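Structure record follows, encoded as structure tokens.
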Amino acid sequence: MITLFHVSDVHFGAEDPQAIAWFGERVTAERPDAVIMTGDLTMRATRSEFERGGAWLRSLGVPVTLEIGNHDIPYYWDPFRRLFAPYQRYAAVEKMIERELDLPGVTIVPLKTIARAQWRWNWSKGRVGAGSLRRALAMIDAAPKDRLIFVAAHHPLIEGPTKGTASTRNGDGALTALAEAGAHAVLSGHVHDPFDVPVARAGRTIRMIGAGTLSKRTRHSPPAFNEIRVHNGGFETIARTMGVDAAVVGDATADVGRLS
């Protein structure tokens with residue numbers, strides 16, 4: 001069995017020290033095969049926040065792959081750096097960004113959903129660019145056909161059962177294209193509450209899986225992360241909530257996705 005810990009929205013600068021410690025304890029005790037971090041490692045994309053976040057990820061002692069969230073590029077009051085040098089402060093985590101993981105039976109495919117600027121007021125919302133989608137589809141096409149394909153993005157591609165929204169432009173079409181290409185699930189964050197819902201697309205079922213937050217910026221759920229158990233060609237998602245024993249998100253049988 002392969003075990004993945006899916007974590008998101010740690011927001012160093014507004015992190016919850018107890019939640020950070022709890023997650024580290026779970027990693028040490030359970031030794032997952034990898035950690036998938038789906039963005040917003042930092043709060044304001046400062047160099048010190050990236051250094052602290054990078055040190056924390058390295059301290060886990062397991063392979064980590066990191067996506068970039070909307071909080072991980074400079075904020076609106078720093079427009080020059082946001083537009084022309086948004087990735088300048090990534091040195092502490094650069095080797096982890098979209099890192100390929102050698103996992104038996106599983107391929108992790110990155111999908112960028114952040115944008116430096118958009119034709120709308122709220123630039124924190126998601127956007128799937130044509131180039132980002134092409135790269136993801138090419139990676140899926142190149143993956144061995146007997147693999148489970150997990151796409152890692154920061155924003156949910158369509159709205160899930162949470163109060164927080166992503167309003168991801170081009171997300172609906174991207175989800176259909178990813179399903180047609182053979183993806184089994186899209187892992188995301190941003191909304192700070194966990195969820196796992198099946199979506200019917202292109203004659204297949206693709207799962208939308210969202211992780212909670214390890215920051216002080218909780219919404220409806222306490223600090224949480226997802227455990228994804230891969231076995232016998234399928235997988236199940238379990239929401240791990242601080243202070244509560246592990247609980248399967250929804251019905252355990254419904255949460256199992258299989259190669260098709």
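Residues in the structure tokens are named by chain (A, B, ... in the order shown) and by number from 1 within that chain; ligands are numbered from 1 in the order shown.
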
As number ranges by chain, which residues of region 44-161 of chain A does DSSP assign to alpha helix (DSSP H)? A: 47-59, 79-84, 130-142

Output file for the residues above (N, CA and C atoms, as an mmCIF file, in the first residue's frame):
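Output (part_1.cif):
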data_model
loop_
_atom_site.group_PDB
_atom_site.id
_atom_site.type_symbol
_atom_site.label_atom_id
_atom_site.label_comp_id
_atom_site.auth_asym_id
_atom_site.auth_seq_id
_atom_site.Cartn_x
_atom_site.Cartn_y
_atom_site.Cartn_z
ATOM 1 N N ARG A 47 10.567 36.297 1.849
ATOM 2 C CA ARG A 47 11.700 35.374 1.848
ATOM 3 C C ARG A 47 11.768 34.592 3.164
ATOM 4 N N SER A 48 11.527 35.261 4.282
ATOM 5 C CA SER A 48 11.601 34.583 5.582
ATOM 6 C C SER A 48 10.509 33.532 5.711
ATOM 7 N N GLU A 49 9.311 33.806 5.165
ATOM 8 C CA GLU A 49 8.240 32.801 5.226
ATOM 9 C C GLU A 49 8.597 31.580 4.393
ATOM 10 N N PHE A 50 9.172 31.788 3.213
ATOM 11 C CA PHE A 50 9.602 30.654 2.407
ATOM 12 C C PHE A 50 10.722 29.879 3.096
ATOM 13 N N GLU A 51 11.626 30.576 3.759
ATOM 14 C CA GLU A 51 12.705 29.888 4.463
ATOM 15 C C GLU A 51 12.158 29.027 5.590
ATOM 16 N N ARG A 52 11.203 29.576 6.352
ATOM 17 C CA ARG A 52 10.610 28.806 7.452
ATOM 18 C C ARG A 52 9.792 27.634 6.919
ATOM 19 N N GLY A 53 9.016 27.910 5.858
ATOM 20 C CA GLY A 53 8.217 26.837 5.264
ATOM 21 C C GLY A 53 9.071 25.749 4.658
ATOM 22 N N GLY A 54 10.135 26.138 3.963
ATOM 23 C CA GLY A 54 11.028 25.159 3.376
ATOM 24 C C GLY A 54 11.718 24.315 4.427
ATOM 25 N N ALA A 55 12.159 24.948 5.514
ATOM 26 C CA ALA A 55 12.807 24.210 6.598
ATOM 27 C C ALA A 55 11.847 23.195 7.200
ATOM 28 N N TRP A 56 10.594 23.593 7.356
ATOM 29 C CA TRP A 56 9.590 22.679 7.917
ATOM 30 C C TRP A 56 9.357 21.489 6.988
ATOM 31 N N LEU A 57 9.212 21.739 5.685
ATOM 32 C CA LEU A 57 8.985 20.640 4.753
ATOM 33 C C LEU A 57 10.178 19.687 4.727
ATOM 34 N N ARG A 58 11.392 20.232 4.744
ATOM 35 C CA ARG A 58 12.573 19.363 4.746
ATOM 36 C C ARG A 58 12.666 18.562 6.042
ATOM 37 N N SER A 59 12.208 19.135 7.145
ATOM 38 C CA SER A 59 12.302 18.444 8.434
ATOM 39 C C SER A 59 11.398 17.213 8.509
ATOM 40 N N PRO A 79 3.205 45.572 -6.876
ATOM 41 C CA PRO A 79 2.835 45.190 -8.248
ATOM 42 C C PRO A 79 4.015 44.894 -9.157
ATOM 43 N N PHE A 80 5.131 45.610 -9.010
ATOM 44 C CA PHE A 80 6.265 45.358 -9.894
ATOM 45 C C PHE A 80 6.783 43.943 -9.691
ATOM 46 N N ARG A 81 7.018 43.563 -8.432
ATOM 47 C CA ARG A 81 7.531 42.216 -8.168
ATOM 48 C C ARG A 81 6.483 41.157 -8.539
ATOM 49 N N ARG A 82 5.213 41.433 -8.285
ATOM 50 C CA ARG A 82 4.162 40.468 -8.610
ATOM 51 C C ARG A 82 4.126 40.187 -10.113
ATOM 52 N N LEU A 83 4.241 41.229 -10.922
ATOM 53 C CA LEU A 83 4.095 41.082 -12.363
ATOM 54 C C LEU A 83 5.376 40.628 -13.062
ATOM 55 N N PHE A 84 6.531 41.079 -12.559
ATOM 56 C CA PHE A 84 7.769 40.851 -13.298
ATOM 57 C C PHE A 84 8.770 39.930 -12.601
ATOM 58 N N ALA A 130 -4.065 28.022 -20.886
ATOM 59 C CA ALA A 130 -3.964 26.998 -21.931
ATOM 60 C C ALA A 130 -2.635 26.257 -21.863
ATOM 61 N N GLY A 131 -1.540 26.992 -21.586
ATOM 62 C CA GLY A 131 -0.234 26.349 -21.510
ATOM 63 C C GLY A 131 -0.128 25.383 -20.346
ATOM 64 N N SER A 132 -0.667 25.774 -19.195
ATOM 65 C CA SER A 132 -0.635 24.903 -18.009
ATOM 66 C C SER A 132 -1.415 23.622 -18.260
ATOM 67 N N LEU A 133 -2.573 23.748 -18.889
ATOM 68 C CA LEU A 133 -3.376 22.555 -19.172
ATOM 69 C C LEU A 133 -2.670 21.655 -20.184
ATOM 70 N N ARG A 134 -2.067 22.248 -21.213
ATOM 71 C CA ARG A 134 -1.338 21.430 -22.197
ATOM 72 C C ARG A 134 -0.224 20.631 -21.542
ATOM 73 N N ARG A 135 0.524 21.278 -20.635
ATOM 74 C CA ARG A 135 1.616 20.567 -19.955
ATOM 75 C C ARG A 135 1.094 19.414 -19.114
ATOM 76 N N ALA A 136 -0.015 19.650 -18.403
ATOM 77 C CA ALA A 136 -0.595 18.588 -17.575
ATOM 78 C C ALA A 136 -1.077 17.427 -18.445
ATOM 79 N N LEU A 137 -1.742 17.727 -19.544
ATOM 80 C CA LEU A 137 -2.241 16.676 -20.416
ATOM 81 C C LEU A 137 -1.088 15.896 -21.047
ATOM 82 N N ALA A 138 -0.005 16.577 -21.374
ATOM 83 C CA ALA A 138 1.159 15.891 -21.937
ATOM 84 C C ALA A 138 1.781 14.946 -20.921
ATOM 85 N N MET A 139 1.825 15.363 -19.663
ATOM 86 C CA MET A 139 2.378 14.501 -18.617
ATOM 87 C C MET A 139 1.493 13.281 -18.397
ATOM 88 N N ILE A 140 0.181 13.473 -18.460
ATOM 89 C CA ILE A 140 -0.724 12.331 -18.322
ATOM 90 C C ILE A 140 -0.524 11.361 -19.479
ATOM 91 N N ASP A 141 -0.395 11.899 -20.673
ATOM 92 C CA ASP A 141 -0.204 11.047 -21.852
ATOM 93 C C ASP A 141 1.089 10.251 -21.765
ATOM 94 N N ALA A 142 2.120 10.840 -21.153
ATOM 95 C CA ALA A 142 3.425 10.170 -21.058
ATOM 96 C C ALA A 142 3.502 9.187 -19.894
#

A:Ala174, A:Ala29, A:Met43, A:Ile68: which is nearest Ala153 (chain A), counting only C-alpha atoms?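 Closest candidate: A:Ile68.
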
With only C-alpha atoms as the counted atoms, please give the residues lying no more than 8 Å from region 190-196 of chain A, apart from itself and same-chain residues fewer than 4 positions off, as a ChimeraX atom specification. /A:8-9,39-40,69,154-156,160-166,207-213,217-221,224-226,237,239,249-250,255

Output the selection as an mmCIF file, in the first residue's frame - C-alpha atoms for each residue.
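Now in selection_5.cif:
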data_model
loop_
_atom_site.group_PDB
_atom_site.id
_atom_site.type_symbol
_atom_site.label_atom_id
_atom_site.label_comp_id
_atom_site.auth_asym_id
_atom_site.auth_seq_id
_atom_site.Cartn_x
_atom_site.Cartn_y
_atom_site.Cartn_z
ATOM 1 C CA SER A 8 -2.408 22.616 1.959
ATOM 2 C CA ASP A 9 -2.646 26.240 3.066
ATOM 3 C CA GLY A 39 -0.087 25.646 -2.224
ATOM 4 C CA ASP A 40 -0.181 28.658 0.068
ATOM 5 C CA GLY A 69 -0.771 29.061 -4.289
ATOM 6 C CA HIS A 154 -4.016 24.945 -5.658
ATOM 7 C CA HIS A 155 -7.574 25.927 -6.592
ATOM 8 C CA PRO A 156 -10.496 23.521 -6.914
ATOM 9 C CA GLY A 160 -17.207 21.853 -4.075
ATOM 10 C CA PRO A 161 -19.308 21.517 -0.914
ATOM 11 C CA THR A 162 -17.531 24.351 0.923
ATOM 12 C CA LYS A 163 -18.402 27.918 1.800
ATOM 13 C CA GLY A 164 -15.102 29.151 0.405
ATOM 14 C CA THR A 165 -14.947 29.455 -3.372
ATOM 15 C CA ALA A 166 -12.258 29.260 -6.015
ATOM 16 C CA ARG A 207 -12.635 12.863 -7.829
ATOM 17 C CA MET A 208 -12.276 16.414 -6.559
ATOM 18 C CA ILE A 209 -10.291 16.213 -3.300
ATOM 19 C CA GLY A 210 -9.639 19.251 -1.134
ATOM 20 C CA ALA A 211 -7.375 19.504 1.909
ATOM 21 C CA GLY A 212 -8.004 21.650 4.968
ATOM 22 C CA THR A 213 -5.542 24.105 6.488
ATOM 23 C CA ARG A 217 -7.219 30.877 9.153
ATOM 24 C CA THR A 218 -9.670 28.012 9.686
ATOM 25 C CA ARG A 219 -13.216 28.237 8.374
ATOM 26 C CA HIS A 220 -15.741 25.484 9.151
ATOM 27 C CA SER A 221 -13.244 22.743 10.035
ATOM 28 C CA ALA A 224 -6.782 19.097 8.946
ATOM 29 C CA PHE A 225 -4.959 17.221 6.203
ATOM 30 C CA ASN A 226 -5.874 14.295 3.941
ATOM 31 C CA THR A 237 -9.320 9.527 1.013
ATOM 32 C CA ALA A 239 -9.731 13.442 6.409
ATOM 33 C CA VAL A 249 -14.703 11.780 3.953
ATOM 34 C CA GLY A 250 -18.217 10.544 3.130
ATOM 35 C CA ASP A 255 -14.471 7.169 -1.595
#

When you look at Val128 (chain A) with a cut-off of 9 Å (counting only C-alpha atoms), what residues show up, excluding the ones that are within fewer than 4 positions of it in the same chain? I need them as a PDB file with N, CA, C and O atoms, in the first residue's frame.
ATOM      1  N   LEU A 111      -0.590  21.152 -11.938  1.00  0.00           N
ATOM      2  CA  LEU A 111      -1.418  22.032 -12.763  1.00  0.00           C
ATOM      3  C   LEU A 111      -1.445  23.410 -12.102  1.00  0.00           C
ATOM      4  O   LEU A 111      -2.020  23.577 -11.024  1.00  0.00           O
ATOM      5  N   LYS A 112      -0.833  24.379 -12.735  1.00  0.00           N
ATOM      6  CA  LYS A 112      -0.800  25.743 -12.201  1.00  0.00           C
ATOM      7  C   LYS A 112      -2.175  26.392 -12.336  1.00  0.00           C
ATOM      8  O   LYS A 112      -2.772  26.401 -13.413  1.00  0.00           O
ATOM      9  N   THR A 113      -2.673  26.953 -11.226  1.00  0.00           N
ATOM     10  CA  THR A 113      -3.979  27.622 -11.254  1.00  0.00           C
ATOM     11  C   THR A 113      -3.911  29.053 -10.734  1.00  0.00           C
ATOM     12  O   THR A 113      -4.954  29.675 -10.522  1.00  0.00           O
ATOM     13  N   ILE A 114      -2.713  29.581 -10.523  1.00  0.00           N
ATOM     14  CA  ILE A 114      -2.594  30.966 -10.064  1.00  0.00           C
ATOM     15  C   ILE A 114      -2.280  31.866 -11.256  1.00  0.00           C
ATOM     16  O   ILE A 114      -1.804  31.402 -12.291  1.00  0.00           O
ATOM     17  N   ALA A 115      -2.559  33.153 -11.081  1.00  0.00           N
ATOM     18  CA  ALA A 115      -2.282  34.122 -12.139  1.00  0.00           C
ATOM     19  C   ALA A 115      -1.765  35.406 -11.518  1.00  0.00           C
ATOM     20  O   ALA A 115      -2.261  35.847 -10.479  1.00  0.00           O
ATOM     21  N   SER A 132      -0.667  25.774 -19.195  1.00  0.00           N
ATOM     22  CA  SER A 132      -0.635  24.903 -18.009  1.00  0.00           C
ATOM     23  C   SER A 132      -1.415  23.622 -18.260  1.00  0.00           C
ATOM     24  O   SER A 132      -0.970  22.525 -17.882  1.00  0.00           O
ATOM     25  N   LEU A 133      -2.573  23.748 -18.889  1.00  0.00           N
ATOM     26  CA  LEU A 133      -3.376  22.555 -19.172  1.00  0.00           C
ATOM     27  C   LEU A 133      -2.670  21.655 -20.184  1.00  0.00           C
ATOM     28  O   LEU A 133      -2.657  20.425 -20.018  1.00  0.00           O
ATOM     29  N   LEU A 157     -11.056  23.053  -9.229  1.00  0.00           N
ATOM     30  CA  LEU A 157     -11.381  23.436 -10.605  1.00  0.00           C
ATOM     31  C   LEU A 157     -12.851  23.811 -10.766  1.00  0.00           C
ATOM     32  O   LEU A 157     -13.201  24.635 -11.612  1.00  0.00           O
ATOM     33  N   THR A 168     -12.686  29.270 -10.325  1.00  0.00           N
ATOM     34  CA  THR A 168     -11.565  29.037 -11.230  1.00  0.00           C
ATOM     35  C   THR A 168     -11.987  29.174 -12.686  1.00  0.00           C
ATOM     36  O   THR A 168     -12.800  28.383 -13.183  1.00  0.00           O
ATOM     37  N   ARG A 169     -11.433  30.168 -13.350  1.00  0.00           N
ATOM     38  CA  ARG A 169     -11.723  30.363 -14.768  1.00  0.00           C
ATOM     39  C   ARG A 169     -11.109  29.236 -15.600  1.00  0.00           C
ATOM     40  O   ARG A 169      -9.975  28.827 -15.357  1.00  0.00           O
ATOM     41  N   ASN A 170     -11.862  28.732 -16.530  1.00  0.00           N
ATOM     42  CA  ASN A 170     -11.479  27.622 -17.396  1.00  0.00           C
ATOM     43  C   ASN A 170     -11.365  26.307 -16.629  1.00  0.00           C
ATOM     44  O   ASN A 170     -10.908  25.303 -17.193  1.00  0.00           O
ATOM     45  N   GLY A 171     -11.760  26.315 -15.367  1.00  0.00           N
ATOM     46  CA  GLY A 171     -11.626  25.116 -14.556  1.00  0.00           C
ATOM     47  C   GLY A 171     -12.556  23.998 -14.976  1.00  0.00           C
ATOM     48  O   GLY A 171     -12.180  22.819 -14.954  1.00  0.00           O
ATOM     49  N   ALA A 174     -11.194  22.415 -18.014  1.00  0.00           N
ATOM     50  CA  ALA A 174      -9.964  21.699 -17.666  1.00  0.00           C
ATOM     51  C   ALA A 174     -10.280  20.376 -16.984  1.00  0.00           C
ATOM     52  O   ALA A 174      -9.636  19.353 -17.260  1.00  0.00           O
TER      53      ALA A 174
END

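For the atom pair formed by CA of Thr28 (chain A) and CA of Phe150 (chain A), the distance is 23.9 Å, given to one decimal.
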
Name the closest residue to Glu30 (chain A) among the candidates A:Leu60, A:Ala143, A:Ser215, A:Met242; distances are taken between atoms, counting only C-alpha atoms. A:Leu60

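For the residues A:Asp146, A:Asp72, A:Asp33, A:Glu159, ranking by smallest atom-to-atom distance to Ile228 (chain A) using only C-alpha atoms places A:Asp33 first.
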
d(CA of Phe12 (chain A), CA of His71 (chain A)) in Å: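 Distance between the two atoms: 10.1 Å.
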
Go through A:Ile149, A:Val64, A:Ala45, A:Leu178 and flag the residue nearest His6 (chain A), using only C-alpha atoms for the distances.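 Closest candidate: A:Val64.
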
Using only C-alpha atoms, which protein or nucleic acid residues come within 9 Å of Arg147 (chain A)? Drop anything in the same chain fewer than 5 positions from it, and give the result as an NGL selection string. :A and (104-107 or 233 or 259)

Put those residues in a file: all heavy atoms, as a PDB file, in the first residue's frame.
ATOM      1  N   PRO A 104       5.384   3.868  -6.752  1.00  0.00           N
ATOM      2  CA  PRO A 104       4.838   2.734  -7.502  1.00  0.00           C
ATOM      3  C   PRO A 104       3.330   2.898  -7.729  1.00  0.00           C
ATOM      4  O   PRO A 104       2.564   3.091  -6.784  1.00  0.00           O
ATOM      5  CB  PRO A 104       5.122   1.540  -6.590  1.00  0.00           C
ATOM      6  CG  PRO A 104       6.237   1.983  -5.695  1.00  0.00           C
ATOM      7  CD  PRO A 104       6.041   3.457  -5.500  1.00  0.00           C
ATOM      8  N   GLY A 105       2.927   2.851  -8.999  1.00  0.00           N
ATOM      9  CA  GLY A 105       1.511   2.870  -9.320  1.00  0.00           C
ATOM     10  C   GLY A 105       0.841   4.225  -9.297  1.00  0.00           C
ATOM     11  O   GLY A 105      -0.368   4.324  -9.533  1.00  0.00           O
ATOM     12  N   VAL A 106       1.597   5.310  -9.037  1.00  0.00           N
ATOM     13  CA  VAL A 106       0.990   6.639  -8.913  1.00  0.00           C
ATOM     14  C   VAL A 106       1.848   7.656  -9.653  1.00  0.00           C
ATOM     15  O   VAL A 106       3.069   7.653  -9.540  1.00  0.00           O
ATOM     16  CB  VAL A 106       0.864   7.069  -7.434  1.00  0.00           C
ATOM     17  CG1 VAL A 106       0.279   8.481  -7.334  1.00  0.00           C
ATOM     18  CG2 VAL A 106       0.007   6.089  -6.648  1.00  0.00           C
ATOM     19  N   THR A 107       1.192   8.538 -10.401  1.00  0.00           N
ATOM     20  CA  THR A 107       1.867   9.681 -11.016  1.00  0.00           C
ATOM     21  C   THR A 107       1.193  10.958 -10.538  1.00  0.00           C
ATOM     22  O   THR A 107      -0.038  11.066 -10.579  1.00  0.00           O
ATOM     23  CB  THR A 107       1.795   9.621 -12.553  1.00  0.00           C
ATOM     24  OG1 THR A 107       2.533   8.477 -13.010  1.00  0.00           O
ATOM     25  CG2 THR A 107       2.398  10.874 -13.182  1.00  0.00           C
ATOM     26  N   GLY A 233      -4.948  -1.092  -6.924  1.00  0.00           N
ATOM     27  CA  GLY A 233      -5.381  -0.340  -8.079  1.00  0.00           C
ATOM     28  C   GLY A 233      -6.416   0.721  -7.804  1.00  0.00           C
ATOM     29  O   GLY A 233      -6.972   1.318  -8.729  1.00  0.00           O
ATOM     30  N   LEU A 259      -8.708   2.300 -11.101  1.00  0.00           N
ATOM     31  CA  LEU A 259      -8.296   2.449 -12.494  1.00  0.00           C
ATOM     32  C   LEU A 259      -9.430   2.018 -13.402  1.00  0.00           C
ATOM     33  O   LEU A 259     -10.129   1.039 -13.125  1.00  0.00           O
ATOM     34  CB  LEU A 259      -7.069   1.563 -12.769  1.00  0.00           C
ATOM     35  CG  LEU A 259      -5.743   2.024 -12.126  1.00  0.00           C
ATOM     36  CD1 LEU A 259      -4.746   0.878 -12.160  1.00  0.00           C
ATOM     37  CD2 LEU A 259      -5.195   3.223 -12.855  1.00  0.00           C
TER      38      LEU A 259
END

Test item: residues at most 7 Å from Ala202 (chain A), only C-alpha atoms, excluding those fewer than 5 positions along its chain, as a PyMOL selection string: chain A and resi 176+179-180

Do you have the CA of Phe23 (chain A)-CA of Val230 (chain A) distance handy?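 Answer for the CA of Phe23 (chain A) to CA of Val230 (chain A) separation: 20.0 Å.
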
Return the single residue from A:Ala200, A:Val151, A:Ile2, A:Ala185 that is closest to Asp102 (chain A), with distances computed using only C-alpha atoms.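 Using only C-alpha atoms, Asp102 (chain A) sits closest to A:Ile2.
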
For each of A:Gly61, A:Asn122, A:Lys95, A:Arg127, take the minimum atom-to-atom distance to Glu25 (chain A), counting only C-alpha atoms, then give the residue where this is smallest.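 Closest residue, counting only C-alpha atoms: A:Gly61.
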
From a DSSP calculation on the backbone, collect every residue of region 5-227 of chain A in strand (DSSP E) and output the set as a ChimeraX atom specification. /A:5-7,34-38,64-67,106-110,148-152,185-188,195-201,204-210,224-227

With C-alpha atoms retained, write the just-selected residues as a tab-separated table (two decimals), in the first residue's frame.
chain	number	residue	atom	x	y	z
A	5	PHE	CA	-0.36	12.90	3.02
A	6	HIS	CA	-2.08	15.76	1.19
A	7	VAL	CA	-1.64	19.07	3.00
A	34	ALA	CA	5.26	11.24	0.23
A	35	VAL	CA	3.69	14.58	1.11
A	36	ILE	CA	1.78	16.53	-1.54
A	37	MET	CA	1.53	20.22	-0.64
A	38	THR	CA	-1.05	22.05	-2.77
A	64	VAL	CA	7.68	16.36	-0.82
A	65	THR	CA	6.23	17.92	-3.94
A	66	LEU	CA	4.96	21.49	-3.71
A	67	GLU	CA	2.49	23.50	-5.77
A	106	VAL	CA	0.99	6.64	-8.91
A	107	THR	CA	1.87	9.68	-11.02
A	108	ILE	CA	1.49	13.21	-9.63
A	109	VAL	CA	0.79	15.80	-12.34
A	110	PRO	CA	1.14	19.53	-11.49
A	148	LEU	CA	-3.32	6.24	-10.90
A	149	ILE	CA	-3.09	9.87	-12.02
A	150	PHE	CA	-3.44	12.55	-9.34
A	151	VAL	CA	-3.42	16.13	-10.58
A	152	ALA	CA	-2.12	18.60	-7.97
A	185	ALA	CA	-8.43	12.82	-9.05
A	186	VAL	CA	-7.59	16.50	-8.69
A	187	LEU	CA	-6.02	17.41	-5.33
A	188	SER	CA	-6.41	21.03	-4.24
A	195	PHE	CA	-13.87	17.52	0.84
A	196	ASP	CA	-13.91	14.57	-1.51
A	197	VAL	CA	-16.62	14.42	-4.18
A	198	PRO	CA	-17.02	12.35	-7.34
A	199	VAL	CA	-17.71	14.22	-10.56
A	200	ALA	CA	-18.96	12.53	-13.73
A	201	ARG	CA	-17.06	13.73	-16.80
A	204	ARG	CA	-15.77	8.56	-16.26
A	205	THR	CA	-15.70	9.55	-12.59
A	206	ILE	CA	-12.96	11.92	-11.49
A	207	ARG	CA	-12.63	12.86	-7.83
A	208	MET	CA	-12.28	16.41	-6.56
A	209	ILE	CA	-10.29	16.21	-3.30
A	210	GLY	CA	-9.64	19.25	-1.13
A	224	ALA	CA	-6.78	19.10	8.95
A	225	PHE	CA	-4.96	17.22	6.20
A	226	ASN	CA	-5.87	14.29	3.94
A	227	GLU	CA	-4.48	10.80	4.00
